[in-house]
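This is protein.tsv. It holds TSV, C-alpha atoms (C1' of nucleotides).
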```
chain	number	residue	atom	x	y	z
S	1	MET	CA	51.60	105.68	14.56
S	2	LYS	CA	50.94	108.28	11.90
S	3	GLU	CA	49.16	107.56	8.63
S	4	ASP	CA	52.16	108.66	6.56
S	5	ASN	CA	54.55	106.41	8.37
S	6	SER	CA	52.13	103.58	8.04
S	7	LEU	CA	52.16	103.88	4.25
S	8	GLU	CA	55.94	103.82	4.08
S	9	GLU	CA	56.10	100.96	6.51
S	10	VAL	CA	53.61	98.95	4.52
S	11	LYS	CA	55.50	99.54	1.27
S	12	GLU	CA	58.63	98.25	2.93
S	13	ILE	CA	56.88	95.10	4.12
S	14	PHE	CA	55.60	94.51	0.61
S	15	SER	CA	59.00	95.18	-0.89
S	16	ASP	CA	60.67	92.72	1.47
S	17	TYR	CA	58.03	90.15	0.69
S	18	LEU	CA	58.56	90.53	-3.07
S	19	THR	CA	62.29	90.19	-2.65
S	20	LYS	CA	61.96	87.10	-0.47
S	21	LYS	CA	59.57	85.45	-2.93
S	22	LYS	CA	61.66	86.53	-5.92
S	23	HIS	CA	58.82	88.52	-7.44
S	24	ARG	CA	59.39	91.71	-9.36
S	25	LYS	CA	58.84	95.16	-7.91
S	26	THR	CA	56.63	96.66	-10.58
S	27	PRO	CA	55.17	100.17	-10.34
S	28	GLU	CA	51.67	98.71	-10.74
S	29	ARG	CA	52.02	96.66	-7.58
S	30	PHE	CA	53.10	99.60	-5.49
S	31	ALA	CA	50.46	101.85	-7.00
S	32	ILE	CA	47.79	99.34	-6.02
S	33	LEU	CA	49.15	99.02	-2.49
S	34	GLU	CA	49.23	102.79	-2.16
S	35	HIS	CA	45.64	103.19	-3.28
S	36	ILE	CA	44.47	100.55	-0.85
S	37	TYR	CA	46.27	102.17	2.05
S	38	THR	CA	45.02	105.68	1.34
S	39	HIS	CA	41.42	104.46	1.08
S	40	ARG	CA	39.02	103.85	3.94
S	41	GLY	CA	36.80	100.87	4.53
S	42	HIS	CA	36.09	97.75	2.54
S	43	PHE	CA	36.57	97.43	-1.17
S	44	ASP	CA	36.31	94.89	-3.94
S	45	ALA	CA	38.42	94.41	-7.06
S	46	GLU	CA	36.21	96.52	-9.28
S	47	MET	CA	35.92	99.42	-6.84
S	48	LEU	CA	39.69	99.50	-6.68
S	49	TYR	CA	39.89	99.33	-10.47
S	50	ASN	CA	37.48	102.24	-10.94
S	51	MET	CA	39.15	104.26	-8.25
S	52	MET	CA	42.55	103.83	-9.85
S	53	GLN	CA	41.54	104.73	-13.39
S	54	GLU	CA	41.85	108.41	-12.50
S	55	ASP	CA	45.53	108.54	-11.70
S	56	TYR	CA	47.15	105.20	-12.43
S	57	ARG	CA	45.72	102.89	-15.05
S	58	VAL	CA	46.00	99.17	-14.34
S	59	SER	CA	44.06	96.24	-15.69
S	60	LEU	CA	41.64	94.22	-13.64
S	61	ALA	CA	43.82	91.15	-14.15
S	62	THR	CA	46.75	92.91	-12.53
S	63	ILE	CA	44.57	94.00	-9.65
S	64	TYR	CA	43.53	90.41	-8.99
S	65	ASN	CA	47.10	89.27	-9.27
S	66	THR	CA	48.32	91.90	-6.81
S	67	LEU	CA	45.48	91.27	-4.36
S	68	ASP	CA	46.63	87.67	-4.16
S	69	LEU	CA	50.15	88.77	-3.33
S	70	LEU	CA	48.92	91.21	-0.70
S	71	LEU	CA	46.80	88.49	0.85
S	72	ASP	CA	49.77	86.17	0.93
S	73	CYS	CA	51.86	88.64	2.89
S	74	SER	CA	48.89	89.59	5.11
S	75	LEU	CA	48.80	93.26	4.14
S	76	ILE	CA	45.12	92.87	3.34
S	77	LEU	CA	42.48	90.38	4.34
S	78	LYS	CA	39.64	88.89	2.37
S	79	HIS	CA	36.24	88.97	4.00
S	80	PRO	CA	34.20	85.83	3.89
S	81	PHE	CA	30.91	87.69	3.50
S	82	VAL	CA	28.15	85.74	1.94
S	83	GLY	CA	27.55	87.44	-1.34
S	84	GLN	CA	28.53	88.20	-4.85
S	85	THR	CA	31.96	89.85	-4.87
S	86	ALA	CA	34.93	89.30	-2.59
S	87	GLN	CA	35.46	92.14	-0.15
S	88	PHE	CA	38.91	93.18	1.04
S	89	GLU	CA	40.25	95.35	3.80
S	90	LYS	CA	43.68	96.59	4.77
S	91	THR	CA	45.12	95.08	7.92
S	92	PHE	CA	47.39	97.84	9.24
S	93	GLY	CA	46.20	100.85	11.17
S	94	THR	CA	42.55	99.88	11.25
S	95	GLY	CA	42.29	98.75	14.88
S	96	PHE	CA	40.48	95.62	15.87
S	97	HIS	CA	36.80	95.23	15.11
S	98	HIS	CA	34.08	92.72	14.38
S	99	HIS	CA	31.40	92.91	11.71
S	100	LEU	CA	27.64	93.19	11.52
S	101	VAL	CA	26.23	92.00	8.22
S	102	CYS	CA	22.64	92.69	7.19
S	103	SER	CA	21.14	89.56	5.63
S	104	LYS	CA	18.65	91.69	3.72
S	105	CYS	CA	20.66	94.47	2.08
S	106	GLY	CA	24.18	93.15	2.63
S	107	SER	CA	25.44	96.29	4.32
S	108	VAL	CA	28.37	95.87	6.69
S	109	LYS	CA	29.00	97.80	9.88
S	110	GLU	CA	31.83	97.48	12.33
S	111	PHE	CA	31.82	97.29	16.09
S	112	SER	CA	34.32	96.67	18.85
S	113	ASP	CA	33.79	94.67	21.99
S	114	MET	CA	36.63	94.04	24.36
S	115	LYS	CA	34.91	91.24	26.21
S	116	ILE	CA	34.38	89.27	23.02
S	117	ARG	CA	37.93	89.95	21.94
S	118	ARG	CA	39.36	88.75	25.22
S	119	THR	CA	37.24	85.62	25.26
S	120	LEU	CA	38.32	84.68	21.76
S	121	GLN	CA	41.98	85.45	22.29
S	122	ALA	CA	42.02	83.30	25.42
S	123	LYS	CA	40.96	80.23	23.46
S	124	LYS	CA	43.84	77.83	22.86
S	125	PHE	CA	44.03	74.47	21.17
S	126	ALA	CA	46.44	71.61	21.65
S	127	SER	CA	46.74	70.83	17.97
S	128	PHE	CA	45.88	74.09	16.26
S	129	GLU	CA	47.88	77.28	16.25
S	130	THR	CA	45.47	80.19	15.92
S	131	THR	CA	46.78	83.21	14.05
S	132	HIS	CA	43.62	85.26	13.72
S	133	TYR	CA	39.87	84.97	13.77
S	134	SER	CA	36.88	86.47	12.10
S	135	LEU	CA	33.55	87.08	13.70
S	136	TYR	CA	30.44	88.05	11.78
S	137	LEU	CA	27.07	88.72	13.32
S	138	TYR	CA	24.22	88.40	10.86
S	139	GLY	CA	20.82	89.96	11.17
S	140	ILE	CA	18.57	92.76	9.98
S	141	CYS	CA	19.74	96.34	10.09
S	142	SER	CA	17.42	99.08	11.31
S	143	LYS	CA	16.81	100.42	7.80
S	144	CYS	CA	15.64	97.05	6.48
S	145	ARG	CA	13.66	96.42	9.66
S	146	LYS	CA	11.71	99.64	9.04
S	147	GLU	CA	11.04	98.70	5.43
S	148	MET	CA	9.81	95.25	6.41
S	149	ASN	CA	7.50	96.70	9.04
S	150	SER	CA	5.97	99.26	6.71
S	151	LYS	CA	5.35	96.56	4.09
S	152	LYS	CA	3.63	94.36	6.67
S	153	ASN	CA	1.28	97.17	7.62
S	154	LYS	CA	0.05	97.60	4.08
U	1	MET	CA	16.58	63.34	19.96
U	2	LYS	CA	16.89	60.53	17.42
U	3	GLU	CA	17.94	61.02	13.84
U	4	ASP	CA	14.66	59.64	12.49
U	5	ASN	CA	12.57	61.94	14.60
U	6	SER	CA	14.73	64.82	13.59
U	7	LEU	CA	13.97	64.22	9.92
U	8	GLU	CA	10.23	64.15	10.51
U	9	GLU	CA	10.43	67.20	12.70
U	10	VAL	CA	12.36	69.10	10.12
U	11	LYS	CA	9.90	68.19	7.38
U	12	GLU	CA	7.10	69.50	9.52
U	13	ILE	CA	8.90	72.77	10.09
U	14	PHE	CA	9.42	73.13	6.36
U	15	SER	CA	5.81	72.21	5.65
U	16	ASP	CA	4.53	74.79	8.11
U	17	TYR	CA	6.83	77.38	6.62
U	18	LEU	CA	5.59	76.67	3.09
U	19	THR	CA	1.98	76.92	4.24
U	20	LYS	CA	2.59	80.16	6.03
U	21	LYS	CA	4.34	81.69	3.04
U	22	LYS	CA	1.75	80.31	0.62
U	23	HIS	CA	4.35	78.31	-1.28
U	24	ARG	CA	3.55	74.94	-2.76
U	25	LYS	CA	4.58	71.64	-1.24
U	26	THR	CA	6.27	70.00	-4.18
U	27	PRO	CA	7.95	66.58	-4.00
U	28	GLU	CA	11.20	68.15	-5.21
U	29	ARG	CA	11.38	70.44	-2.20
U	30	PHE	CA	10.92	67.64	0.29
U	31	ALA	CA	13.31	65.37	-1.55
U	32	ILE	CA	15.99	68.05	-1.33
U	33	LEU	CA	15.34	68.61	2.37
U	34	GLU	CA	15.54	64.87	2.99
U	35	HIS	CA	18.84	64.53	1.19
U	36	ILE	CA	20.32	67.39	3.14
U	37	TYR	CA	19.23	65.95	6.45
U	38	THR	CA	20.51	62.46	5.77
U	39	HIS	CA	23.90	63.81	4.74
U	40	ARG	CA	26.76	64.74	7.03
U	41	GLY	CA	28.92	67.80	6.92
U	42	HIS	CA	29.10	70.78	4.62
U	43	PHE	CA	27.87	70.77	1.05
U	44	ASP	CA	27.43	73.07	-1.90
U	45	ALA	CA	24.72	73.22	-4.56
U	46	GLU	CA	26.55	71.04	-7.04
U	47	MET	CA	27.45	68.35	-4.50
U	48	LEU	CA	23.80	68.14	-3.58
U	49	TYR	CA	22.85	68.01	-7.25
U	50	ASN	CA	25.25	65.16	-7.99
U	51	MET	CA	24.25	63.29	-4.87
U	52	MET	CA	20.59	63.48	-5.78
U	53	GLN	CA	20.94	62.34	-9.37
U	54	GLU	CA	21.00	58.73	-8.20
U	55	ASP	CA	17.57	58.52	-6.67
U	56	TYR	CA	15.64	61.73	-7.28
U	57	ARG	CA	16.41	63.86	-10.29
U	58	VAL	CA	16.08	67.61	-9.82
U	59	SER	CA	17.55	70.50	-11.76
U	60	LEU	CA	20.21	72.78	-10.37
U	61	ALA	CA	17.79	75.69	-10.68
U	62	THR	CA	15.36	73.96	-8.34
U	63	ILE	CA	18.13	73.22	-5.91
U	64	TYR	CA	19.10	76.87	-5.76
U	65	ASN	CA	15.47	77.85	-5.37
U	66	THR	CA	14.93	75.39	-2.53
U	67	LEU	CA	18.17	76.31	-0.77
U	68	ASP	CA	16.88	79.88	-0.64
U	69	LEU	CA	13.66	78.71	0.99
U	70	LEU	CA	15.54	76.55	3.50
U	71	LEU	CA	17.79	79.46	4.34
U	72	ASP	CA	14.78	81.68	4.84
U	73	CYS	CA	13.24	79.31	7.39
U	74	SER	CA	16.65	78.65	8.99
U	75	LEU	CA	16.73	74.92	8.33
U	76	ILE	CA	20.14	75.37	6.77
U	77	LEU	CA	22.81	78.02	7.00
U	78	LYS	CA	25.18	79.40	4.41
U	79	HIS	CA	28.84	79.47	5.33
U	80	PRO	CA	30.87	82.52	4.49
U	81	PHE	CA	34.07	80.61	3.84
U	82	VAL	CA	36.47	82.45	1.64
U	83	GLY	CA	36.28	80.66	-1.65
U	84	GLN	CA	34.51	80.03	-4.86
U	85	THR	CA	31.28	78.19	-4.10
U	86	ALA	CA	28.78	78.76	-1.30
U	87	GLN	CA	28.89	76.14	1.40
U	88	PHE	CA	25.78	75.08	3.32
U	89	GLU	CA	25.12	73.09	6.44
U	90	LYS	CA	21.99	71.81	8.15
U	91	THR	CA	21.10	73.53	11.40
U	92	PHE	CA	19.18	70.83	13.31
U	93	GLY	CA	20.77	67.94	15.14
U	94	THR	CA	24.29	69.12	14.50
U	95	GLY	CA	24.83	70.81	17.84
U	96	PHE	CA	26.32	74.25	17.94
U	97	HIS	CA	29.91	74.65	16.90
U	98	HIS	CA	32.51	77.03	15.63
U	99	HIS	CA	35.07	76.47	12.91
U	100	LEU	CA	38.81	76.13	12.71
U	101	VAL	CA	40.16	76.82	9.25
U	102	CYS	CA	43.74	75.94	8.34
U	103	SER	CA	45.27	78.75	6.29
U	104	LYS	CA	47.74	76.33	4.76
U	105	CYS	CA	45.69	73.37	3.57
U	106	GLY	CA	42.18	74.81	3.88
U	107	SER	CA	40.86	71.99	6.05
U	108	VAL	CA	37.94	72.83	8.32
U	109	LYS	CA	37.40	71.37	11.78
U	110	GLU	CA	34.66	72.06	14.25
U	111	PHE	CA	34.80	72.78	17.96
U	112	SER	CA	32.39	73.81	20.69
U	113	ASP	CA	32.95	76.27	23.47
U	114	MET	CA	30.16	77.26	25.77
U	115	LYS	CA	31.89	80.34	27.11
U	116	ILE	CA	32.35	81.78	23.65
U	117	ARG	CA	28.80	80.92	22.75
U	118	ARG	CA	27.38	82.64	25.81
U	119	THR	CA	29.50	85.73	25.31
U	120	LEU	CA	28.38	86.11	21.72
U	121	GLN	CA	24.73	85.43	22.40
U	122	ALA	CA	24.71	88.03	25.15
U	123	LYS	CA	25.75	90.77	22.73
U	124	LYS	CA	22.83	93.04	21.80
U	125	PHE	CA	22.58	96.12	19.62
U	126	ALA	CA	20.15	99.00	19.68
U	127	SER	CA	19.75	99.20	15.91
U	128	PHE	CA	20.61	95.71	14.72
U	129	GLU	CA	18.62	92.53	15.24
U	130	THR	CA	21.06	89.66	15.37
U	131	THR	CA	19.76	86.36	14.01
U	132	HIS	CA	22.95	84.31	13.98
U	133	TYR	CA	26.69	84.60	13.96
U	134	SER	CA	29.63	82.85	12.49
U	135	LEU	CA	33.01	82.51	14.06
U	136	TYR	CA	36.07	81.25	12.25
U	137	LEU	CA	39.45	80.82	13.81
U	138	TYR	CA	42.26	80.73	11.29
U	139	GLY	CA	45.64	79.23	11.82
U	140	ILE	CA	47.85	76.27	11.10
U	141	CYS	CA	46.64	72.75	11.78
U	142	SER	CA	48.93	70.20	13.42
U	143	LYS	CA	49.50	68.32	10.18
U	144	CYS	CA	50.73	71.42	8.34
U	145	ARG	CA	52.73	72.50	11.37
U	146	LYS	CA	54.65	69.21	11.29
U	147	GLU	CA	55.32	69.54	7.58
U	148	MET	CA	56.60	73.08	8.02
U	149	ASN	CA	58.88	72.01	10.89
U	150	SER	CA	60.36	69.07	9.00
U	151	LYS	CA	61.06	71.33	6.02
U	152	LYS	CA	62.82	73.84	8.24
U	153	ASN	CA	65.09	71.13	9.64
U	154	LYS	CA	66.36	70.11	6.23
V	1	DT	C1'	69.14	88.68	-22.21
V	2	DT	C1'	65.98	86.22	-19.61
V	3	DT	C1'	61.73	85.50	-17.86
V	4	DG	C1'	58.21	87.34	-14.80
V	5	DT	C1'	54.47	90.73	-15.44
V	6	DT	C1'	51.19	93.37	-17.93
V	7	DG	C1'	46.91	94.36	-20.68
V	8	DC	C1'	43.56	92.60	-23.38
V	9	DA	C1'	40.03	89.58	-24.63
V	10	DA	C1'	38.19	85.24	-24.25
V	11	DA	C1'	36.99	81.54	-21.20
V	12	DA	C1'	35.53	79.58	-16.98
V	13	DC	C1'	32.88	79.36	-13.07
V	14	DG	C1'	28.90	79.53	-9.90
V	15	DT	C1'	24.50	81.43	-9.86
V	16	DT	C1'	20.30	83.63	-11.78
V	17	DT	C1'	16.77	84.25	-15.13
V	18	DG	C1'	13.21	83.65	-19.02
V	19	DC	C1'	10.07	80.73	-20.66
V	20	DA	C1'	7.07	76.75	-21.99
V	21	DG	C1'	4.92	72.99	-19.90
V	22	DC	C1'	3.50	70.76	-15.62
V	23	DC	C1'	1.18	70.01	-11.29
V	24	DT	C1'	-0.31	71.91	-6.62
V	25	DC	C1'	-3.95	74.02	-4.64
W	1	DG	C1'	-8.74	76.06	-13.81
W	2	DA	C1'	-5.28	79.43	-12.23
W	3	DG	C1'	-0.90	80.40	-11.21
W	4	DG	C1'	3.22	78.87	-8.79
W	5	DC	C1'	7.00	75.55	-9.79
W	6	DT	C1'	10.00	72.81	-12.70
W	7	DG	C1'	13.64	71.84	-16.13
W	8	DC	C1'	16.24	73.54	-19.63
W	9	DA	C1'	19.26	76.62	-21.70
W	10	DA	C1'	20.78	81.04	-22.17
W	11	DA	C1'	22.40	85.06	-19.58
W	12	DC	C1'	24.85	87.15	-15.99
W	13	DG	C1'	28.75	89.00	-13.13
W	14	DT	C1'	33.02	87.89	-11.04
W	15	DT	C1'	37.34	85.84	-11.45
W	16	DT	C1'	40.81	83.29	-14.15
W	17	DT	C1'	43.48	82.27	-18.15
W	18	DG	C1'	46.15	82.39	-22.72
W	19	DC	C1'	49.01	85.02	-25.22
W	20	DA	C1'	51.85	88.68	-27.31
W	21	DA	C1'	54.31	92.74	-25.97
W	22	DC	C1'	56.92	94.79	-22.36
W	23	DA	C1'	60.24	95.71	-18.72
W	24	DA	C1'	62.65	94.39	-14.18
W	25	DA	C1'	66.57	92.00	-12.84
```

Would you kindly transcribe this structure into structure tokens?
Amino acid sequence: MKEDNSLEEVKEIFSDYLTKKKHRKTPERFAILEHIYTHRGHFDAEMLYNMMQEDYRVSLATIYNTLDLLLDCSLILKHPFVGQTAQFEKTFGTGFHHHLVCSKCGSVKEFSDMKIRRTLQAKKFASFETTHYSLYLYGICSKCRKEMNSKKNK
Amino acid sequence: MKEDNSLEEVKEIFSDYLTKKKHRKTPERFAILEHIYTHRGHFDAEMLYNMMQEDYRVSLATIYNTLDLLLDCSLILKHPFVGQTAQFEKTFGTGFHHHLVCSKCGSVKEFSDMKIRRTLQAKKFASFETTHYSLYLYGICSKCRKEMNSKKNK
DNA sequence: TTTGTTGCAAAACGTTTGCAGCCTC
DNA sequence: GAGGCTGCAAACGTTTTGCAACAAA
């Protein structure tokens, strides 16, 4: 699947969703979707706002509004990181991955592990229909580990 | 391990931690710890504050301060649920468990799975020191599933 | 034409901070 | 007695809301 196709595909999904829910297809909404899908990695509302100021001006309120819609139709996901601002990520074309979160500096790295993935996907419940999962490993990244060690030696 | 012993044990851990870090052993800190460990389930700062008003008055600021200390010595953990307020949970005497979160009604259930636990604990990184992990499975709980089915049949 | 959506600014919310007085150590 | 800790209230940063103007259907 090519990047370009992915963008068109995603716009269509959003369009269908808006139609189904009887929401309006405003240029702002599609501009926001487009910026998200031509951007790499995680982002929060303000990063998206700043990024968009250059070529398509929208208000923060509209960004929050649209993020809710995109969440509802699963075109983005909201990360439950412990911290100040809500982090988002697009869901199409990113491949599967888990997250490493540094408890010290809050940095987030991604990793993939097939064994973990298989183990989790195999899990079934009688009275719960799993749609997706999120796995976060917390700890200290190498950068912070170095800083802590050098402080200790003082 | 009995509940009563667990409380004493936990107080000792906290006491040792405070000594080691050269922090003071104030009555407020131990009162907060005690309330947390005689309470079941998840809680947030304000719930704890309201709960404590009855028999030991502390300020919200002190609660936040103490929660940070308890996090630092791993007597509680902070849940990265998607949402407004930070959720905490005690770490001793609760057994290990993962979480099922219903995307429809937001209810949270716990489950245990040794295979998953072992797989995740076995994972090691060269440049990341893992301290803990959190796993959340999202989906639709049986109650919401029934509601959705009965709506569809109308 | 209707009514959902936008931008703006103000409000709300959880959390953090500054500071005077208190109480461990 | 010194300095960390507390309570209070004000400040902070993110997200939500109220409202008038606008534009999609």

Could you give me chain U least-squares fitted onto chain S (all C-alpha atoms, paired in order), as a compact mmCIF listing (two decimals) with C-alpha atoms, in the frame of the given file?
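Everything below was put into part10.txt:
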```
# COMPACT_ATOMS: atom_id res chain seq x y z
CA MET U 1 50.07 106.65 14.34
CA LYS U 2 49.47 109.08 11.48
CA GLU U 3 48.02 108.12 8.15
CA ASP U 4 51.12 109.26 6.26
CA ASN U 5 53.44 107.24 8.42
CA SER U 6 51.18 104.28 8.06
CA LEU U 7 51.52 104.36 4.28
CA GLU U 8 55.30 104.45 4.43
CA GLU U 9 55.36 101.74 7.03
CA VAL U 10 53.15 99.53 4.97
CA LYS U 11 55.28 100.02 1.87
CA GLU U 12 58.31 98.97 3.84
CA ILE U 13 56.59 95.84 5.06
CA PHE U 14 55.65 94.98 1.50
CA SER U 15 59.15 95.74 0.26
CA ASP U 16 60.70 93.50 2.90
CA TYR U 17 58.25 90.77 2.05
CA LEU U 18 59.08 90.97 -1.67
CA THR U 19 62.80 90.82 -0.91
CA LYS U 20 62.40 87.87 1.37
CA LYS U 21 60.32 85.97 -1.16
CA LYS U 22 62.62 86.97 -4.03
CA HIS U 23 59.82 88.72 -5.88
CA ARG U 24 60.44 91.85 -7.89
CA LYS U 25 59.59 95.34 -6.73
CA THR U 26 57.57 96.59 -9.66
CA PRO U 27 55.92 100.02 -9.77
CA GLU U 28 52.56 98.35 -10.37
CA ARG U 29 52.72 96.50 -7.08
CA PHE U 30 53.46 99.60 -5.06
CA ALA U 31 50.87 101.64 -6.92
CA ILE U 32 48.24 99.05 -6.03
CA LEU U 33 49.31 98.99 -2.39
CA GLU U 34 49.17 102.79 -2.27
CA HIS U 35 45.69 102.93 -3.71
CA ILE U 36 44.44 100.38 -1.23
CA TYR U 37 45.90 102.25 1.70
CA THR U 38 44.55 105.63 0.69
CA HIS U 39 41.07 104.20 0.25
CA ARG U 40 38.49 103.64 2.95
CA GLY U 41 36.33 100.62 3.51
CA HIS U 42 35.89 97.36 1.68
CA PHE U 43 36.71 96.86 -1.97
CA ASP U 44 36.81 94.17 -4.61
CA ALA U 45 39.20 93.62 -7.51
CA GLU U 46 37.10 95.46 -10.04
CA MET U 47 36.49 98.49 -7.81
CA LEU U 48 40.22 98.77 -7.35
CA TYR U 49 40.75 98.38 -11.09
CA ASN U 50 38.28 101.14 -11.94
CA MET U 51 39.62 103.40 -9.24
CA MET U 52 43.16 103.03 -10.52
CA GLN U 53 42.40 103.68 -14.17
CA GLU U 54 42.47 107.41 -13.51
CA ASP U 55 46.05 107.78 -12.42
CA TYR U 56 47.90 104.49 -12.80
CA ARG U 57 46.80 101.98 -15.38
CA VAL U 58 47.18 98.32 -14.43
CA SER U 59 45.50 95.22 -15.78
CA LEU U 60 43.02 93.19 -13.80
CA ALA U 61 45.39 90.23 -13.97
CA THR U 62 48.07 92.23 -12.18
CA ILE U 63 45.60 93.33 -9.58
CA TYR U 64 44.65 89.75 -8.82
CA ASN U 65 48.30 88.78 -8.71
CA THR U 66 49.16 91.60 -6.32
CA LEU U 67 46.14 90.98 -4.09
CA ASP U 68 47.44 87.44 -3.62
CA LEU U 69 50.83 88.78 -2.54
CA LEU U 70 49.24 91.29 -0.16
CA LEU U 71 47.11 88.55 1.33
CA ASP U 72 50.16 86.38 1.79
CA CYS U 73 51.97 89.05 3.79
CA SER U 74 48.77 89.98 5.66
CA LEU U 75 48.61 93.58 4.51
CA ILE U 76 45.04 92.97 3.42
CA LEU U 77 42.42 90.42 4.31
CA LYS U 78 39.77 88.73 2.22
CA HIS U 79 36.24 88.84 3.55
CA PRO U 80 34.13 85.74 3.37
CA PHE U 81 30.88 87.59 2.83
CA VAL U 82 28.24 85.50 1.19
CA GLY U 83 28.06 86.82 -2.32
CA GLN U 84 29.45 86.97 -5.76
CA THR U 85 32.74 88.85 -5.63
CA ALA U 86 35.54 88.64 -3.08
CA GLN U 87 35.74 91.60 -0.77
CA PHE U 88 39.05 92.87 0.62
CA GLU U 89 40.06 95.26 3.34
CA LYS U 90 43.36 96.72 4.49
CA THR U 91 44.62 95.45 7.83
CA PHE U 92 46.74 98.35 9.12
CA GLY U 93 45.36 101.49 10.70
CA THR U 94 41.79 100.29 10.63
CA GLY U 95 41.64 99.08 14.21
CA PHE U 96 40.17 95.71 14.95
CA HIS U 97 36.49 95.22 14.39
CA HIS U 98 33.76 92.73 13.76
CA HIS U 99 30.91 92.95 11.30
CA LEU U 100 27.17 93.31 11.48
CA VAL U 101 25.44 92.17 8.32
CA CYS U 102 21.78 92.97 7.71
CA SER U 103 20.03 89.93 6.25
CA LYS U 104 17.40 92.15 4.69
CA CYS U 105 19.29 94.89 2.88
CA GLY U 106 22.82 93.46 2.98
CA SER U 107 24.37 96.53 4.58
CA VAL U 108 27.53 95.96 6.60
CA LYS U 109 28.46 97.88 9.74
CA GLU U 110 31.47 97.49 11.96
CA PHE U 111 31.75 97.29 15.73
CA SER U 112 34.46 96.61 18.28
CA ASP U 113 34.22 94.56 21.42
CA MET U 114 37.25 93.86 23.51
CA LYS U 115 35.69 91.02 25.44
CA ILE U 116 34.84 89.12 22.29
CA ARG U 117 38.26 89.80 20.89
CA ARG U 118 40.02 88.49 23.97
CA THR U 119 37.86 85.39 24.15
CA LEU U 120 38.57 84.51 20.54
CA GLN U 121 42.27 85.22 20.70
CA ALA U 122 42.61 83.02 23.77
CA LYS U 123 41.30 79.99 21.88
CA LYS U 124 44.10 77.57 20.95
CA PHE U 125 44.10 74.22 19.20
CA ALA U 126 46.53 71.34 19.38
CA SER U 127 46.49 70.62 15.66
CA PHE U 128 45.50 73.93 14.10
CA GLU U 129 47.53 77.12 13.95
CA THR U 130 45.12 80.01 13.96
CA THR U 131 46.26 83.08 12.02
CA HIS U 132 43.08 85.15 12.06
CA TYR U 133 39.36 84.92 12.51
CA SER U 134 36.27 86.49 11.15
CA LEU U 135 33.09 87.09 13.03
CA TYR U 136 29.85 88.14 11.42
CA LEU U 137 26.67 88.83 13.28
CA TYR U 138 23.59 88.61 11.10
CA GLY U 139 20.29 90.22 11.80
CA ILE U 140 18.01 93.09 10.93
CA CYS U 141 19.28 96.65 10.98
CA SER U 142 17.19 99.43 12.50
CA LYS U 143 16.26 100.86 9.11
CA CYS U 144 14.83 97.55 7.87
CA ARG U 145 13.19 96.93 11.23
CA LYS U 146 11.27 100.20 10.91
CA GLU U 147 10.18 99.38 7.38
CA MET U 148 8.96 95.95 8.45
CA ASN U 149 7.02 97.44 11.38
CA SER U 150 5.33 100.11 9.28
CA LYS U 151 4.30 97.48 6.74
CA LYS U 152 2.81 95.32 9.47
CA ASN U 153 0.71 98.23 10.73
CA LYS U 154 -0.94 98.79 7.38
```

Nearest to His23 (chain U), chosen from W:DA25, W:DA10, W:DC5, W:DC19, with only C-alpha atoms (C1' of nucleotides) counted in the distances: W:DC5

Could you list the residues in chain U lying within 8 Å of chain S, using all atoms listed in the file, and format the result as a VMD selection string? chain U and resid 78 to 83 86 115 to 116 119 to 120 127 to 142

Any idea which chain U residues end up within 8 Å of chain W if we count all atoms listed in the file, as a count of residues only please? 7

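CA of Gly95 (chain S) sits 27.5 Å away from CA of Lys20 (chain S).
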
So that I can see what lies close to Tyr37 (chain U), please list as an NGL selection string the residues with an atom at most 9 Å from it, counting all atoms listed in the file and leaving out residues fewer than 2 positions away in the same chain. :U and (3 or 6-7 or 10 or 32-35 or 39-40 or 90 or 92)

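In this model, the gap between CA of Lys21 (chain U) and CA of Thr91 (chain U) comes to 20.4 Å.
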
Could you write out as a ChimeraX atom specification the residues of chain V within 10 Å of chain U, counting all atoms listed in the file? /V:13-17,23-25

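The spacing separating CA of Glu12 (chain S) from CA of Tyr49 (chain S) amounts to 23.1 Å.
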
In the coordinates of the file, take the point (21.2, 75.6, 9.9) and a cut-off of 6 Å; then, counting only C-alpha atoms (C1' of nucleotides), name each qualifying protein, DNA or RNA residue as a PyMOL selection string. chain U and resi 74-77+89-91

Since the input lacks some atoms of region 135-141 of chain S, please model N, CA and C atoms and print them as a PDB file, in the coordinates of the input.
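Generated output (result.pdb):
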```
ATOM      1  N   LEU S 135      34.860  87.214  13.073  1.00  0.00           N
ATOM      2  CA  LEU S 135      33.550  87.080  13.700  1.00  0.00           C
ATOM      3  C   LEU S 135      32.552  87.941  12.940  1.00  0.00           C
ATOM      4  N   TYR S 136      31.477  87.322  12.492  1.00  0.00           N
ATOM      5  CA  TYR S 136      30.440  88.050  11.780  1.00  0.00           C
ATOM      6  C   TYR S 136      29.104  87.782  12.436  1.00  0.00           C
ATOM      7  N   LEU S 137      28.428  88.859  12.792  1.00  0.00           N
ATOM      8  CA  LEU S 137      27.070  88.720  13.320  1.00  0.00           C
ATOM      9  C   LEU S 137      26.109  89.071  12.201  1.00  0.00           C
ATOM     10  N   TYR S 138      25.180  88.178  11.937  1.00  0.00           N
ATOM     11  CA  TYR S 138      24.220  88.400  10.860  1.00  0.00           C
ATOM     12  C   TYR S 138      22.868  88.771  11.440  1.00  0.00           C
ATOM     13  N   GLY S 139      22.144  89.583  10.701  1.00  0.00           N
ATOM     14  CA  GLY S 139      20.820  89.960  11.170  1.00  0.00           C
ATOM     15  C   GLY S 139      20.180  90.969  10.241  1.00  0.00           C
ATOM     16  N   ILE S 140      19.279  91.760  10.784  1.00  0.00           N
ATOM     17  CA  ILE S 140      18.570  92.760   9.980  1.00  0.00           C
ATOM     18  C   ILE S 140      18.908  94.135  10.530  1.00  0.00           C
ATOM     19  N   CYS S 141      19.387  95.000   9.650  1.00  0.00           N
ATOM     20  CA  CYS S 141      19.740  96.340  10.090  1.00  0.00           C
ATOM     21  C   CYS S 141      18.475  97.176  10.271  1.00  0.00           C
TER      22      CYS S 141
END
```
